[in-house]
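A.B. asks: Structure provided below as structure tokens; questions to follow.
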Amino acid sequence: MAKSFRTKNLETISFVDCVVLYLQLTSTVGLLDLRTEPENQIQVRPGASFKIALFADLHFGEAASTDWGPTQDANSIKVMSSVLDDETPDFVVYLGDVITANNIAIANASLYWDQAISPTRARRIPWASVFGNHDDAPFEWPLEWFSPPGIPPLRCPSNTSSCPGEEDCRFRGTGRLELMKNEVELNGLSHSRNGPKELWPSVSNYVLQLSSSEYPHSAVAFLYFLDSGGGSYPEIISNAQAEWFNNKSQHNNPDSRVPEIVFWHIPSKAYKKVAPFFRIRKPCVGSINEEEIAAQEAETGIMKLLVERSSVKAVFVGHNHGLDWCCPYKELWLCFARHTGYGGYGNWARGARIMEISQQPFSIRSWIRMENGLVHSEVVLSP
């Protein structure tokens, strides 16, 4: 493989070709790890529980032109590795702001995304992702760059060193569609999807079905992923997305018999209605409540649909680094994850929200696993 790479015409090799070759050579999964079940279905062992780790607000690529930026990314990998080794989850959800695109000057931001998913991929754990407000935010030119000593040299991710073509390393960002396309096409364990075109510019809208391997046509739960916007367009879940969810859920689960769990990045305005005042008190469960909720810009109907469906058990979001609580809202739960990455604002200790689905009888438990191994804030979200 190495010999054929060197003899390929370097003047015509594309950047995408280079990334593909790199991942084939170095990834423990690579392109040969193809899915063996339907793309929208995840198999669960009969009677076994199913554990999901939520990684929120990693912010890879932040301050990429500095020395401390890459150090943050290395520390974020340590957090994820610690959580994955302690919890050994069956699945991982990347809950938005995987990268800080407004700090990434180069076109190949997917390579920072690739670094962020590397601990999960290395352990051969399948995953899915949703976009946050920073994932395709336009590059912001720092004002200080226009004073001496001027604009610093571009720093491309280290794993592009074997790739030719300096033209790919220039001041240009990477959009949602390209980020998702690269994740899905280059990773056999990714269950992420480009959503229906009629919902664009929102992209990460899709549903996954958890099914028993013994009865693959019988759903254990449905996992819905929604793009809450931000970055290249307003922070909102549109009415079109709400209607898509309504149509999908009515088709997949017409009698609301099968539990449904929902993931997006930016909290809805409903979170403000249940937010604890200062200290976290029951029925809410959590450990930090140290900032105001930065909610979506408007509510266009998604929460009304969710509360009307008895099958919807919980919504999980990220975005606010200083919040990690779960609170009941009507008949469902609204939960924050835990700030996982060393990128982004705040010095709160890093960790990840864990959720575990049991089949018989059905239940959802959740807790926080910290970087140092401690566990806290356990809550039952569905009896």
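In the structure tokens, chains take letters A, B, ... by order of appearance, with residues numbered from 1 within each chain and ligands from 1 in the order shown.
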Using only C-alpha atoms, find each residue in stretch 40-148 of chain A having at least one atom no more than 12 Å away from stretch 258-273 of chain A; report its shortest atom-to-atom pair and that distance in Å (one decimal), rows by chain then rising number, as a tab-separated table.
C.D. replies:
residue	atom	partner	partner_atom	distance
A:Ile52	CA	A:Ile261	CA	11.7
A:Leu54	CA	A:Phe263	CA	9.8
A:Phe55	CA	A:His265	CA	11.0
A:Ala56	CA	A:His265	CA	8.3
A:Asp57	CA	A:His265	CA	9.0
A:Val92	CA	A:Phe263	CA	11.9
A:Val93	CA	A:Phe263	CA	8.5
A:Tyr94	CA	A:His265	CA	9.4
A:Leu95	CA	A:His265	CA	5.8
A:Gly96	CA	A:His265	CA	5.4
A:Asp97	CA	A:His265	CA	7.9
A:Val98	CA	A:His265	CA	10.5
A:Ala128	CA	A:Phe263	CA	10.3
A:Ser129	CA	A:Trp264	CA	9.1
A:Val130	CA	A:Trp264	CA	6.4
A:Phe131	CA	A:His265	CA	6.9
A:Gly132	CA	A:His265	CA	5.4
A:Asn133	CA	A:Ile266	CA	7.8
A:His134	CA	A:His265	CA	10.4
A:Asp135	CA	A:His265	CA	10.9
A.B. asks: Store the residues of this selection in a file with N, CA, C and O atoms, as a compact mmCIF listing (two decimals), in the first residue's frame.
C.D. replies:
# COMPACT_ATOMS: atom_id res chain seq x y z
N ILE A 52 -25.08 3.79 26.54
CA ILE A 52 -24.68 4.85 25.62
C ILE A 52 -23.90 5.90 26.40
O ILE A 52 -24.34 6.36 27.46
N LEU A 54 -22.45 9.78 26.22
CA LEU A 54 -22.68 11.03 25.52
C LEU A 54 -21.45 11.93 25.68
O LEU A 54 -21.10 12.30 26.80
N PHE A 55 -20.81 12.26 24.55
CA PHE A 55 -19.68 13.18 24.57
C PHE A 55 -20.14 14.52 24.02
O PHE A 55 -20.55 14.61 22.85
N ALA A 56 -20.08 15.54 24.86
CA ALA A 56 -20.63 16.85 24.48
C ALA A 56 -19.54 17.92 24.51
O ALA A 56 -18.68 17.93 25.40
N ASP A 57 -19.58 18.81 23.52
CA ASP A 57 -18.76 20.02 23.53
C ASP A 57 -17.27 19.72 23.64
O ASP A 57 -16.59 20.21 24.55
N VAL A 92 -21.89 5.32 21.33
CA VAL A 92 -21.50 6.67 21.72
C VAL A 92 -22.29 7.67 20.90
O VAL A 92 -22.50 7.48 19.70
N VAL A 93 -22.75 8.73 21.54
CA VAL A 93 -23.39 9.85 20.84
C VAL A 93 -22.50 11.07 21.01
O VAL A 93 -22.18 11.47 22.14
N TYR A 94 -22.07 11.65 19.88
CA TYR A 94 -21.37 12.93 19.88
C TYR A 94 -22.43 14.02 19.79
O TYR A 94 -23.07 14.18 18.76
N LEU A 95 -22.58 14.78 20.89
CA LEU A 95 -23.76 15.60 21.07
C LEU A 95 -23.56 17.05 20.63
O LEU A 95 -24.17 17.96 21.17
N GLY A 96 -22.72 17.27 19.63
CA GLY A 96 -22.56 18.59 19.05
C GLY A 96 -21.36 19.35 19.56
O GLY A 96 -20.80 19.07 20.63
N ASP A 97 -20.94 20.36 18.80
CA ASP A 97 -19.72 21.11 19.04
C ASP A 97 -18.53 20.16 19.16
O ASP A 97 -17.71 20.25 20.08
N VAL A 98 -18.47 19.25 18.21
CA VAL A 98 -17.33 18.33 18.13
C VAL A 98 -16.07 19.12 17.83
O VAL A 98 -14.99 18.83 18.35
N ALA A 128 -22.94 7.78 16.76
CA ALA A 128 -23.73 8.69 15.93
C ALA A 128 -23.46 10.10 16.42
O ALA A 128 -23.04 10.31 17.57
N SER A 129 -23.72 11.09 15.56
CA SER A 129 -23.41 12.48 15.93
C SER A 129 -24.50 13.42 15.48
O SER A 129 -25.25 13.14 14.54
N VAL A 130 -24.61 14.55 16.19
CA VAL A 130 -25.45 15.67 15.76
C VAL A 130 -24.58 16.92 15.75
O VAL A 130 -23.55 16.98 16.43
N PHE A 131 -25.01 17.91 14.99
CA PHE A 131 -24.24 19.13 14.88
C PHE A 131 -24.61 20.12 15.98
O PHE A 131 -25.75 20.18 16.44
N GLY A 132 -23.60 20.91 16.39
CA GLY A 132 -23.80 22.01 17.30
C GLY A 132 -23.55 23.33 16.60
O GLY A 132 -23.23 23.38 15.40
N ASN A 133 -23.65 24.41 17.34
CA ASN A 133 -23.53 25.73 16.75
C ASN A 133 -22.11 26.09 16.34
O ASN A 133 -21.90 27.01 15.54
N HIS A 134 -21.11 25.37 16.85
CA HIS A 134 -19.72 25.67 16.48
C HIS A 134 -19.18 24.78 15.37
O HIS A 134 -18.10 25.04 14.85
N ASP A 135 -19.90 23.75 14.99
CA ASP A 135 -19.33 22.75 14.09
C ASP A 135 -19.10 23.26 12.68
O ASP A 135 -18.20 22.77 11.98
A.B. asks: Do a neighbour search on A:Val274 at 10 Å with only C-alpha atoms, toss out local chain neighbours closer than 3 positions, and write the hits as number ranges by chain.
C.D. replies: A: 269-271, 277, 284, 326-330, 333-334
A.B. asks: So which bits of stretch 110-354 of chain A end up alpha helix (DSSP H) when you DSSP the backbone, as a ChimeraX atom specification?
C.D. replies: /A:110-122,176-186,239-252,270-274,302-308
A.B. asks: Any chance you could export the current selection's C-alpha atoms as a CSV table (one decimal), in the first residue's frame?
C.D. replies:
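Printed below is part-v4.csv as written:
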chain,number,residue,atom,x,y,z
A,110,SER,CA,-12.9,16.9,9.0
A,111,LEU,CA,-9.5,15.9,10.1
A,112,TYR,CA,-10.1,17.5,13.5
A,113,TRP,CA,-13.5,15.8,13.5
A,114,ASP,CA,-11.6,12.5,12.8
A,115,GLN,CA,-9.3,13.1,15.8
A,116,ALA,CA,-12.4,13.6,18.0
A,117,ILE,CA,-14.0,10.3,17.1
A,118,SER,CA,-10.7,8.4,17.2
A,119,PRO,CA,-10.9,7.0,20.8
A,120,THR,CA,-14.4,5.5,20.0
A,121,ARG,CA,-13.3,4.2,16.7
A,122,ALA,CA,-10.1,2.7,18.1
A,176,ARG,CA,-22.2,20.6,7.6
A,177,LEU,CA,-22.8,18.5,4.5
A,178,GLU,CA,-19.1,18.0,3.9
A,179,LEU,CA,-18.4,17.2,7.6
A,180,MET,CA,-21.2,14.6,7.6
A,181,LYS,CA,-20.3,13.1,4.2
A,182,ASN,CA,-16.7,12.6,5.3
A,183,GLU,CA,-17.6,11.0,8.7
A,184,VAL,CA,-20.1,8.6,7.1
A,185,GLU,CA,-18.0,7.6,4.1
A,186,LEU,CA,-14.8,7.1,5.9
A,239,ASN,CA,-41.3,23.6,12.0
A,240,ALA,CA,-40.3,21.5,9.1
A,241,GLN,CA,-38.1,19.4,11.4
A,242,ALA,CA,-40.9,19.1,13.9
A,243,GLU,CA,-43.3,17.9,11.1
A,244,TRP,CA,-40.6,15.4,10.0
A,245,PHE,CA,-40.4,14.0,13.5
A,246,ASN,CA,-44.2,13.8,13.8
A,247,ASN,CA,-44.4,11.9,10.5
A,248,LYS,CA,-41.5,9.6,11.3
A,249,SER,CA,-42.7,8.8,14.8
A,250,GLN,CA,-46.3,8.2,13.6
A,251,HIS,CA,-45.0,5.9,10.9
A,252,ASN,CA,-42.4,4.0,13.1
A,270,ALA,CA,-38.7,24.4,27.7
A,271,TYR,CA,-35.4,23.8,29.6
A,272,LYS,CA,-35.8,27.3,31.1
A,273,LYS,CA,-39.2,26.3,32.6
A,274,VAL,CA,-37.7,23.5,34.7
A,302,ILE,CA,-41.1,20.4,18.5
A,303,MET,CA,-41.7,20.4,22.3
A,304,LYS,CA,-45.4,20.4,21.8
A,305,LEU,CA,-45.1,17.2,19.8
A,306,LEU,CA,-42.8,15.6,22.3
A,307,VAL,CA,-45.0,16.2,25.3
A,308,GLU,CA,-48.0,14.8,23.4
A.B. asks: Could you tell me, as a VMD selection string, which residues of stretch 32-267 of chain A DSSP assigns to strand (DSSP E) when given the backbone?
C.D. replies: chain A and resid 41 to 44 50 to 55 91 to 94 127 to 129 206 to 212 219 to 225 260 to 263
A.B. asks: Please determine, counting only C-alpha atoms, which residue among A:Pro283, A:Phe50, A:Gly343, A:His321 has the shortest atom-to-atom distance to A:Ala64.
C.D. replies: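 Among the listed residues, the smallest separation from A:Ala64 belongs to A:Gly343.
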